[in-house]
Amino acid sequence: MNVFKIGLVSVTALCATSVSVVPAALAQSSSTSYQANLTALNKSGDSGNASVVLKTNTNGTFTVSTTSSSPGLAHAQHIHIGGTNSCPDTSADKDKDGLINTTEGDPSYGPIEVSLTTSGDVSKASGVAVDRMPVANADGTVTYNRTFDLPTGVTAEMIGKGVIVTHGISELFGDKAKYDGDKKSDIPGTETTPLEATIPATCGKLTAMPVGGSGSGGGSTAGLENAGIAVAGAVALVAGAGLATRRGLLRNN
């Protein structure tokens, strides 16, 4: 094998090895991130933020943080999908009682598809599993972080259209330290539960995080940029190797 052939084999091998970096880099940058700004409903005074980082099409990390929530009480929280994919305004109060209950908000944010429980099932079947919902501390702060597989029937694409809703306002009636009052929940199957426990407190639509934005690290193009740098370097190296080989061949001739 002459010098030119040896150089050609070396260059080809180098190119193949370098270009193989691209799929690996792409695989590392495949996470998708969403965020939501949670604003008060029903004059709760609560506020916060939430994020979803989908590491695959079926698994992700879900975080929710709210402040000024009813202290020491559980706060149900869900991802609703459907309706107009939005948070309701005062026009949703169809019975004119001054409150937007859960079902009145359904046309805006849609039904529950993911229950943000602290353990166990996360499907819509756990929508009122209050015993597995996060509890606000003495200052009214709720902090939630959990990684889990998406429920059956819920896709990554659906999450991108989701609306996060948190529930529970103990200050509406009676004892402000517990869920009470004569008004009962409007959610089927919870007719004996106080309305205060299920009424929406905050709402926020999930939106794609900007490239390179803050958060849990998803949504960045760093992997693609690194892949581009690697390939560019490989191309330059290949070109240099080819030129050196040709010069060596000319000298030998």
# chains A, B, ... in the order shown; residues from 1 in each chain; ligands from 1
>>> residues_around(residues="Asp97 of chain A", least_positions_apart="6", cutoff="12 Å", atoms="only C-alpha atoms", output="PyMOL selection string")
chain A and resi 42+90-91+104+183
>>> residues_around(residues="Thr84 of chain A", least_positions_apart="2", cutoff="7 Å", atoms="only C-alpha atoms", output="MDAnalysis selection string")
chainID A and resid 82 86 107:109
>>> residues_around(residues="Ile100 of chain A", least_positions_apart="6", cutoff="12 Å", atoms="only C-alpha atoms", output="list in words")
Ala40, Leu41, Asn42, Lys43, Ser44, Cys87, Pro88, Asp89, Thr90, Ser91, Ala92, Asp93, Lys94, Asp106, Pro107, Ser108, His167, Ser185, Asp186, Leu195, Glu196, Thr198, Ile199, Pro200, Ala201, Thr202 and Cys203 of chain A
>>> write_last_selection(atoms="N, CA and C atoms", output="PDB file, in the first residue's frame")
ATOM      1  N   ALA A  40     -52.655  33.910  41.131  1.00  0.00           N
ATOM      2  CA  ALA A  40     -53.777  33.628  42.030  1.00  0.00           C
ATOM      3  C   ALA A  40     -55.110  33.527  41.299  1.00  0.00           C
ATOM      4  N   LEU A  41     -55.921  32.581  41.759  1.00  0.00           N
ATOM      5  CA  LEU A  41     -57.321  32.497  41.389  1.00  0.00           C
ATOM      6  C   LEU A  41     -58.149  32.663  42.668  1.00  0.00           C
ATOM      7  N   ASN A  42     -59.343  33.161  42.516  1.00  0.00           N
ATOM      8  CA  ASN A  42     -60.272  33.316  43.646  1.00  0.00           C
ATOM      9  C   ASN A  42     -59.689  34.169  44.784  1.00  0.00           C
ATOM     10  N   LYS A  43     -58.858  35.157  44.396  1.00  0.00           N
ATOM     11  CA  LYS A  43     -58.272  36.087  45.365  1.00  0.00           C
ATOM     12  C   LYS A  43     -57.542  35.362  46.490  1.00  0.00           C
ATOM     13  N   SER A  44     -56.904  34.258  46.129  1.00  0.00           N
ATOM     14  CA  SER A  44     -56.198  33.458  47.128  1.00  0.00           C
ATOM     15  C   SER A  44     -54.972  34.163  47.691  1.00  0.00           C
ATOM     16  N   CYS A  87     -55.956  29.711  31.582  1.00  0.00           N
ATOM     17  CA  CYS A  87     -56.506  29.902  32.921  1.00  0.00           C
ATOM     18  C   CYS A  87     -57.800  30.710  32.832  1.00  0.00           C
ATOM     19  N   PRO A  88     -58.784  30.390  33.660  1.00  0.00           N
ATOM     20  CA  PRO A  88     -60.076  31.087  33.579  1.00  0.00           C
ATOM     21  C   PRO A  88     -60.015  32.510  34.123  1.00  0.00           C
ATOM     22  N   ASP A  89     -60.891  33.354  33.604  1.00  0.00           N
ATOM     23  CA  ASP A  89     -61.049  34.689  34.177  1.00  0.00           C
ATOM     24  C   ASP A  89     -62.393  34.746  34.892  1.00  0.00           C
ATOM     25  N   THR A  90     -62.774  35.903  35.353  1.00  0.00           N
ATOM     26  CA  THR A  90     -63.984  36.028  36.169  1.00  0.00           C
ATOM     27  C   THR A  90     -65.257  35.633  35.423  1.00  0.00           C
ATOM     28  N   SER A  91     -65.211  35.632  34.094  1.00  0.00           N
ATOM     29  CA  SER A  91     -66.403  35.253  33.325  1.00  0.00           C
ATOM     30  C   SER A  91     -66.738  33.776  33.490  1.00  0.00           C
ATOM     31  N   ALA A  92     -65.796  33.005  34.036  1.00  0.00           N
ATOM     32  CA  ALA A  92     -66.043  31.571  34.254  1.00  0.00           C
ATOM     33  C   ALA A  92     -66.978  31.323  35.429  1.00  0.00           C
ATOM     34  N   ASP A  93     -67.205  32.325  36.246  1.00  0.00           N
ATOM     35  CA  ASP A  93     -68.080  32.192  37.426  1.00  0.00           C
ATOM     36  C   ASP A  93     -69.544  32.179  36.987  1.00  0.00           C
ATOM     37  N   LYS A  94     -70.007  31.024  36.545  1.00  0.00           N
ATOM     38  CA  LYS A  94     -71.348  30.919  35.963  1.00  0.00           C
ATOM     39  C   LYS A  94     -72.462  31.051  36.997  1.00  0.00           C
ATOM     40  N   ASP A 106     -63.056  24.219  34.106  1.00  0.00           N
ATOM     41  CA  ASP A 106     -62.765  23.163  33.136  1.00  0.00           C
ATOM     42  C   ASP A 106     -62.770  23.615  31.673  1.00  0.00           C
ATOM     43  N   PRO A 107     -63.719  24.447  31.235  1.00  0.00           N
ATOM     44  CA  PRO A 107     -63.695  24.863  29.826  1.00  0.00           C
ATOM     45  C   PRO A 107     -62.404  25.593  29.443  1.00  0.00           C
ATOM     46  N   SER A 108     -61.735  26.181  30.420  1.00  0.00           N
ATOM     47  CA  SER A 108     -60.481  26.890  30.144  1.00  0.00           C
ATOM     48  C   SER A 108     -59.292  25.949  30.195  1.00  0.00           C
ATOM     49  N   HIS A 167     -54.774  23.767  44.287  1.00  0.00           N
ATOM     50  CA  HIS A 167     -56.079  23.927  44.929  1.00  0.00           C
ATOM     51  C   HIS A 167     -55.946  24.106  46.439  1.00  0.00           C
ATOM     52  N   SER A 185     -67.628  20.741  47.784  1.00  0.00           N
ATOM     53  CA  SER A 185     -66.902  20.580  46.525  1.00  0.00           C
ATOM     54  C   SER A 185     -67.850  20.265  45.378  1.00  0.00           C
ATOM     55  N   ASP A 186     -67.522  20.783  44.215  1.00  0.00           N
ATOM     56  CA  ASP A 186     -68.311  20.552  43.005  1.00  0.00           C
ATOM     57  C   ASP A 186     -67.782  19.377  42.193  1.00  0.00           C
ATOM     58  N   LEU A 195     -65.709  22.937  49.946  1.00  0.00           N
ATOM     59  CA  LEU A 195     -65.274  23.600  48.724  1.00  0.00           C
ATOM     60  C   LEU A 195     -63.878  24.183  48.889  1.00  0.00           C
ATOM     61  N   GLU A 196     -63.569  24.658  50.090  1.00  0.00           N
ATOM     62  CA  GLU A 196     -62.254  25.252  50.329  1.00  0.00           C
ATOM     63  C   GLU A 196     -61.106  24.311  49.961  1.00  0.00           C
ATOM     64  N   THR A 198     -60.977  22.041  47.526  1.00  0.00           N
ATOM     65  CA  THR A 198     -60.824  21.731  46.097  1.00  0.00           C
ATOM     66  C   THR A 198     -60.858  22.953  45.189  1.00  0.00           C
ATOM     67  N   ILE A 199     -61.168  24.101  45.729  1.00  0.00           N
ATOM     68  CA  ILE A 199     -61.262  25.289  44.885  1.00  0.00           C
ATOM     69  C   ILE A 199     -59.887  25.673  44.332  1.00  0.00           C
ATOM     70  N   PRO A 200     -59.796  26.075  43.076  1.00  0.00           N
ATOM     71  CA  PRO A 200     -58.499  26.477  42.500  1.00  0.00           C
ATOM     72  C   PRO A 200     -57.899  27.680  43.225  1.00  0.00           C
ATOM     73  N   ALA A 201     -56.605  27.588  43.524  1.00  0.00           N
ATOM     74  CA  ALA A 201     -55.905  28.675  44.207  1.00  0.00           C
ATOM     75  C   ALA A 201     -54.928  29.397  43.286  1.00  0.00           C
ATOM     76  N   THR A 202     -54.244  28.632  42.410  1.00  0.00           N
ATOM     77  CA  THR A 202     -53.359  29.248  41.418  1.00  0.00           C
ATOM     78  C   THR A 202     -53.502  28.514  40.094  1.00  0.00           C
ATOM     79  N   CYS A 203     -53.063  29.171  39.047  1.00  0.00           N
ATOM     80  CA  CYS A 203     -53.145  28.578  37.706  1.00  0.00           C
ATOM     81  C   CYS A 203     -52.021  29.149  36.849  1.00  0.00           C
TER      82      CYS A 203
END
>>> select_by_dssp(residues="segment 45-197 of chain A", states="strand (DSSP E or B)", output="PyMOL selection string")
chain A and resi 47-54+59-67+74+77-80+112-115+135+142-149+163-167+184+194
>>> closest_residue(among="A:Thr143, A:Thr193, A:Ser33, A:Thr155", to="Asn49 of chain A", atoms="only C-alpha atoms")
A:Thr143
>>> select_by_dssp(residues="segment 36-121 of chain A", states="helix (DSSP H, G or I)", output="list in words")
Thr90, Ser91, Ala92, Thr102, Thr103, Glu104, Gly105, Asp106, Pro107, Ser108 and Tyr109 of chain A
>>> write_last_selection(atoms="N, CA and C atoms", output="tab-separated table (two decimals), in the first residue's frame")
chain	number	residue	atom	x	y	z
A	90	THR	N	-62.77	35.90	35.35
A	90	THR	CA	-63.98	36.03	36.17
A	90	THR	C	-65.26	35.63	35.42
A	91	SER	N	-65.21	35.63	34.09
A	91	SER	CA	-66.40	35.25	33.32
A	91	SER	C	-66.74	33.78	33.49
A	92	ALA	N	-65.80	33.01	34.04
A	92	ALA	CA	-66.04	31.57	34.25
A	92	ALA	C	-66.98	31.32	35.43
A	102	THR	N	-63.82	24.33	40.56
A	102	THR	CA	-63.02	23.51	39.65
A	102	THR	C	-63.73	23.26	38.33
A	103	THR	N	-64.99	22.88	38.38
A	103	THR	CA	-65.71	22.55	37.14
A	103	THR	C	-65.99	23.80	36.31
A	104	GLU	N	-66.14	24.94	36.94
A	104	GLU	CA	-66.34	26.17	36.18
A	104	GLU	C	-65.07	26.53	35.40
A	105	GLY	N	-63.93	26.09	35.90
A	105	GLY	CA	-62.69	26.37	35.20
A	105	GLY	C	-62.36	25.37	34.11
A	106	ASP	N	-63.06	24.22	34.11
A	106	ASP	CA	-62.76	23.16	33.14
A	106	ASP	C	-62.77	23.61	31.67
A	107	PRO	N	-63.72	24.45	31.23
A	107	PRO	CA	-63.69	24.86	29.83
A	107	PRO	C	-62.40	25.59	29.44
A	108	SER	N	-61.73	26.18	30.42
A	108	SER	CA	-60.48	26.89	30.14
A	108	SER	C	-59.29	25.95	30.20
A	109	TYR	N	-59.10	25.27	31.33
A	109	TYR	CA	-57.89	24.44	31.48
A	109	TYR	C	-58.09	22.96	31.20
>>> closest_residue(among="A:Asn145, A:Thr32, A:Ser47, A:Asn85", to="Thr67 of chain A", atoms="only C-alpha atoms")
A:Ser47
>>> residues_around(residues="Gly160 of chain A", least_positions_apart="6", cutoff="12 Å", atoms="only C-alpha atoms", output="list in words")
Thr32, Ser33, Tyr34, Gln35, Ala36, Ser51, Val52, Val53, Leu54, Asn57, Ile79, His80, Ile81, Gly82, Asn85, Val154, Lys205, Leu206, Thr207, Ala208 and Met209 of chain A
>>> closest_residue(among="A:Arg132, A:Ala197, A:Glu171, A:Gly60", to="Ser30 of chain A", atoms="only C-alpha atoms")
A:Gly60
>>> atom_distance(atom1="atom CA of Asn101 of chain A", atom2="atom CA of Ile159 of chain A")
23.0 Å
>>> atom_distance(atom1="atom CA of Asp149 of chain A", atom2="atom CA of Gly110 of chain A")
21.1 Å
>>> closest_residue(among="A:Thr39, A:Thr118, A:Thr192, A:Thr147", to="Ala74 of chain A", atoms="only C-alpha atoms")
A:Thr118
>>> atom_distance(atom1="atom CA of Gly204 of chain A", atom2="atom CA of Leu99 of chain A")
17.7 Å
>>> residues_around(residues="Ala177 of chain A", least_positions_apart="2", cutoff="12 Å", atoms="only C-alpha atoms", output="ChimeraX atom specification")
/A:69-74,136,138,140,168-175,179-181,196-197
